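Next comes structure_37.pdb, with PDB, C-alpha atoms, pLDDT in the B column.
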```pdb
ATOM      1  CA  MET A   1     141.266  -1.302-149.661  1.00 97.00           C
ATOM      2  CA  ILE A   2     139.482   0.201-152.674  1.00 98.00           C
ATOM      3  CA  ALA A   3     138.750   3.886-153.300  1.00 98.00           C
ATOM      4  CA  ARG A   4     135.628   4.691-155.343  1.00 98.00           C
ATOM      5  CA  ILE A   5     135.405   8.177-156.859  1.00 98.00           C
ATOM      6  CA  TRP A   6     132.281   9.920-158.177  1.00 98.00           C
ATOM      7  CA  GLN A   7     131.780  13.469-159.446  1.00 97.00           C
ATOM      8  CA  GLY A   8     128.620  15.523-159.814  1.00 97.00           C
ATOM      9  CA  LYS A   9     127.582  19.040-160.718  1.00 97.00           C
ATOM     10  CA  THR A  10     124.721  21.320-159.612  1.00 98.00           C
ATOM     11  CA  SER A  11     123.722  24.889-160.282  1.00 98.00           C
ATOM     12  CA  ALA A  12     125.071  27.440-157.821  1.00 98.00           C
ATOM     13  CA  LYS A  13     121.462  27.934-156.683  1.00 97.00           C
ATOM     14  CA  ASN A  14     121.228  24.269-155.582  1.00 98.00           C
ATOM     15  CA  PHE A  15     124.753  24.057-154.119  1.00 98.00           C
ATOM     16  CA  ASP A  16     123.819  24.434-150.442  1.00 97.00           C
ATOM     17  CA  ASP A  17     120.637  22.370-150.725  1.00 98.00           C
ATOM     18  CA  TYR A  18     122.511  19.493-152.355  1.00 97.00           C
ATOM     19  CA  THR A  19     125.195  19.676-149.689  1.00 97.00           C
ATOM     20  CA  ALA A  20     122.498  19.358-147.014  1.00 97.00           C
ATOM     21  CA  PHE A  21     120.851  16.469-148.878  1.00 97.00           C
ATOM     22  CA  LEU A  22     124.142  14.586-149.110  1.00 96.00           C
ATOM     23  CA  LYS A  23     124.757  15.009-145.379  1.00 96.00           C
ATOM     24  CA  LYS A  24     121.226  13.893-144.519  1.00 97.00           C
ATOM     25  CA  VAL A  25     120.781  10.966-146.944  1.00 95.00           C
ATOM     26  CA  ALA A  26     123.972   9.836-148.666  1.00 93.00           C
ATOM     27  CA  VAL A  27     126.441   9.935-145.776  1.00 95.00           C
ATOM     28  CA  PRO A  28     124.221   7.836-143.448  1.00 95.00           C
ATOM     29  CA  ASP A  29     123.552   5.396-146.312  1.00 92.00           C
ATOM     30  CA  TYR A  30     127.257   4.812-146.806  1.00 94.00           C
ATOM     31  CA  ASN A  31     127.909   4.559-143.075  1.00 94.00           C
ATOM     32  CA  LYS A  32     125.356   1.774-142.584  1.00 94.00           C
ATOM     33  CA  THR A  33     126.957  -0.445-145.254  1.00 92.00           C
ATOM     34  CA  ASP A  34     129.047  -3.350-143.939  1.00 94.00           C
ATOM     35  CA  GLY A  35     132.596  -3.106-145.233  1.00 96.00           C
ATOM     36  CA  PHE A  36     132.445   0.641-145.786  1.00 97.00           C
ATOM     37  CA  VAL A  37     135.554   2.281-144.312  1.00 98.00           C
ATOM     38  CA  SER A  38     135.207   6.054-144.715  1.00 97.00           C
ATOM     39  CA  LEU A  39     134.444   8.875-147.104  1.00 97.00           C
ATOM     40  CA  THR A  40     135.598  12.302-148.098  1.00 97.00           C
ATOM     41  CA  PHE A  41     133.147  14.694-149.766  1.00 95.00           C
ATOM     42  CA  LEU A  42     134.690  17.650-151.578  1.00 98.00           C
ATOM     43  CA  LYS A  43     132.839  20.641-153.023  1.00 98.00           C
ATOM     44  CA  ARG A  44     133.575  23.932-154.741  1.00 98.00           C
ATOM     45  CA  LEU A  45     131.741  26.707-156.585  1.00 97.00           C
ATOM     46  CA  GLU A  46     133.165  27.646-159.970  1.00 96.00           C
ATOM     47  CA  ASN A  47     131.614  29.524-162.897  1.00 93.00           C
ATOM     48  CA  ASN A  48     128.180  29.528-161.250  1.00 95.00           C
ATOM     49  CA  GLU A  49     128.223  25.727-160.840  1.00 97.00           C
ATOM     50  CA  GLY A  50     128.649  23.550-157.791  1.00 98.00           C
ATOM     51  CA  HIS A  51     131.161  20.739-158.240  1.00 98.00           C
ATOM     52  CA  PHE A  52     131.147  17.710-155.951  1.00 97.00           C
ATOM     53  CA  THR A  53     133.670  14.877-155.643  1.00 98.00           C
ATOM     54  CA  LEU A  54     132.981  11.892-153.434  1.00 97.00           C
ATOM     55  CA  ILE A  55     135.809   9.558-152.484  1.00 98.00           C
ATOM     56  CA  THR A  56     134.659   6.477-150.591  1.00 97.00           C
ATOM     57  CA  PHE A  57     136.874   3.778-149.142  1.00 98.00           C
ATOM     58  CA  TRP A  58     135.831   0.129-148.979  1.00 98.00           C
ATOM     59  CA  GLU A  59     137.358  -3.056-147.596  1.00 98.00           C
ATOM     60  CA  ASN A  60     137.235  -4.815-150.976  1.00 97.00           C
ATOM     61  CA  LEU A  61     135.418  -5.109-154.283  1.00 95.00           C
ATOM     62  CA  ALA A  62     132.837  -7.572-152.941  1.00 95.00           C
ATOM     63  CA  VAL A  63     131.666  -4.944-150.445  1.00 95.00           C
ATOM     64  CA  ILE A  64     131.283  -2.375-153.237  1.00 96.00           C
ATOM     65  CA  LYS A  65     129.173  -4.853-155.206  1.00 95.00           C
ATOM     66  CA  ASN A  66     126.939  -5.307-152.142  1.00 92.00           C
ATOM     67  CA  PHE A  67     126.419  -1.544-152.089  1.00 91.00           C
ATOM     68  CA  ALA A  68     126.307  -0.661-155.796  1.00 91.00           C
ATOM     69  CA  GLY A  69     125.246  -3.911-157.452  1.00 91.00           C
ATOM     70  CA  GLU A  70     127.024  -6.378-159.693  1.00 94.00           C
ATOM     71  CA  ASP A  71     127.794  -3.611-162.222  1.00 95.00           C
ATOM     72  CA  PHE A  72     129.931  -1.937-159.567  1.00 94.00           C
ATOM     73  CA  GLU A  73     131.376   0.642-161.959  1.00 96.00           C
ATOM     74  CA  LYS A  74     127.922   2.122-162.522  1.00 96.00           C
ATOM     75  CA  ALA A  75     127.289   5.260-160.469  1.00 96.00           C
ATOM     76  CA  LYS A  76     124.631   4.945-157.762  1.00 93.00           C
ATOM     77  CA  TYR A  77     122.056   7.731-157.580  1.00 95.00           C
ATOM     78  CA  TYR A  78     119.209   8.598-155.254  1.00 95.00           C
ATOM     79  CA  PRO A  79     115.780   9.599-156.654  1.00 96.00           C
ATOM     80  CA  GLU A  80     116.255  13.086-155.157  1.00 96.00           C
ATOM     81  CA  ASP A  81     119.380  13.625-157.283  1.00 97.00           C
ATOM     82  CA  ASP A  82     117.013  14.508-160.153  1.00 97.00           C
ATOM     83  CA  ASN A  83     116.190  17.694-158.237  1.00 97.00           C
ATOM     84  CA  TYR A  84     119.810  18.846-158.019  1.00 98.00           C
ATOM     85  CA  LEU A  85     122.241  17.395-160.537  1.00 98.00           C
ATOM     86  CA  LEU A  86     122.857  18.970-163.949  1.00 97.00           C
ATOM     87  CA  GLU A  87     124.236  15.744-165.410  1.00 95.00           C
ATOM     88  CA  PHE A  88     124.589  12.128-164.368  1.00 96.00           C
ATOM     89  CA  GLU A  89     128.006  10.567-164.636  1.00 94.00           C
ATOM     90  CA  GLU A  90     127.413   7.007-165.791  1.00 95.00           C
ATOM     91  CA  LYS A  91     130.530   5.417-164.309  1.00 97.00           C
ATOM     92  CA  VAL A  92     132.694   5.865-161.245  1.00 97.00           C
ATOM     93  CA  VAL A  93     136.428   5.187-161.004  1.00 97.00           C
ATOM     94  CA  HIS A  94     138.051   2.686-158.646  1.00 98.00           C
ATOM     95  CA  TYR A  95     141.620   2.655-157.333  1.00 98.00           C
ATOM     96  CA  ASP A  96     143.556   0.244-155.159  1.00 97.00           C
ATOM     97  CA  VAL A  97     144.727   2.111-152.071  1.00 97.00           C
ATOM     98  CA  PHE A  98     148.351   1.287-151.349  1.00 95.00           C
ATOM     99  CA  ALA A  99     149.351   3.898-148.778  1.00 93.00           C
TER     100      ALA A  99
END
```
Same coordinates, now as structure tokens:
Amino acid sequence: MIARIWQGKTSAKNFDDYTAFLKKVAVPDYNKTDGFVSLTFLKRLENNEGHFTLITFWENLAVIKNFAGEDFEKAKYYPEDDNYLLEFEEKVVHYDVFA
């Protein structure tokens, strides 16, 4: 199993709206992908910014490529992210899950 980790940041003003967007759009998108196992979305407010960490779990690297494209280390964004995110992390991090 592979864990894929992404981080994003919003203003405090957009914190709740982005949370709602992720629940409405991103979570269902992940769930409909064959080979997707599960996800954990984390969030916190700090210094007037909303910080988000997404940890997704996948059966293997081939499944991630089906979801994210051949350049699987590139972060995947939705068009609506332009309305919320303060910056766009270019790459995500992958880990082999061993326990």
Result set, the PyMOL selection byres ((chain A and resi 97) around 9) on current file, as a ChimeraX atom specification: /A:1-3,57,95-96,98-99
Selected residue of minimal separation from Ile55 in chain A among A:Leu85, A:Ala12, A:Leu22, A:Val93, counting all atoms listed in the file: A:Val93
Spatial neighbours of Leu39 in chain A, 10 Å, only C-alpha atoms, chain gap at least 6 places, as a short mmCIF file (atom, residue, chain, number, x, y, z; two decimals) with C-alpha atoms, in the frame of the given file:
```
data_model
loop_
_atom_site.label_atom_id
_atom_site.label_comp_id
_atom_site.auth_asym_id
_atom_site.auth_seq_id
_atom_site.Cartn_x
_atom_site.Cartn_y
_atom_site.Cartn_z
CA ALA A 3 138.75 3.89 -153.30
CA ARG A 4 135.63 4.69 -155.34
CA ILE A 5 135.40 8.18 -156.86
CA VAL A 27 126.44 9.94 -145.78
CA TYR A 30 127.26 4.81 -146.81
CA ASN A 31 127.91 4.56 -143.07
CA LEU A 54 132.98 11.89 -153.43
CA ILE A 55 135.81 9.56 -152.48
CA THR A 56 134.66 6.48 -150.59
CA PHE A 57 136.87 3.78 -149.14
CA TRP A 58 135.83 0.13 -148.98
#
```
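Evaluated against the shown file, the PyMOL selection byres ((chain A and resi 49-53) around 8) gives Ile5, Trp6, Gln7, Gly8, Lys9, Thr10, Ser11, Ala12, Asn14, Phe15, Phe41, Leu42, Lys43, Arg44, Leu45, Glu46, Asn47, Asn48, Leu54 and Ile55 of chain A.
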Output of the PyMOL selection byres ((chain A and resi 77) around 12), listed as a PyMOL selection string: chain A and resi 6-8+22+25-26+29+67-68+74-76+78-85+87-92
Surrounding residues of range 61-65 of chain A excluding itself and chain neighbours under 5 positions, 6 Å, all atoms listed in the file, as a list in words: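 After dropping sequence-adjacent residues, the list is Gly35, Glu70 and Phe72 of chain A.
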Point-to-point distance in Å for CA of Lys24 in chain A and CA of Asn60 in chain A: 25.5 Å
Top pick for closest residue to Glu59 in chain A, considering A:His94, A:Lys13, A:Lys23, A:Phe36 and counting only C-alpha atoms: A:Phe36
Would you compute, for all listed atoms of range 38-49 of chain A, the axis-aligned bounding box grown by 8 Å on each side, and then report its centre and edge lengths in Å rounded to one decimal, as AutoDock Vina command-line options?
```
--center_x 131.9 --center_y 17.8 --center_z -153.8 --size_x 23.4 --size_y 39.5 --size_z 34.2
```
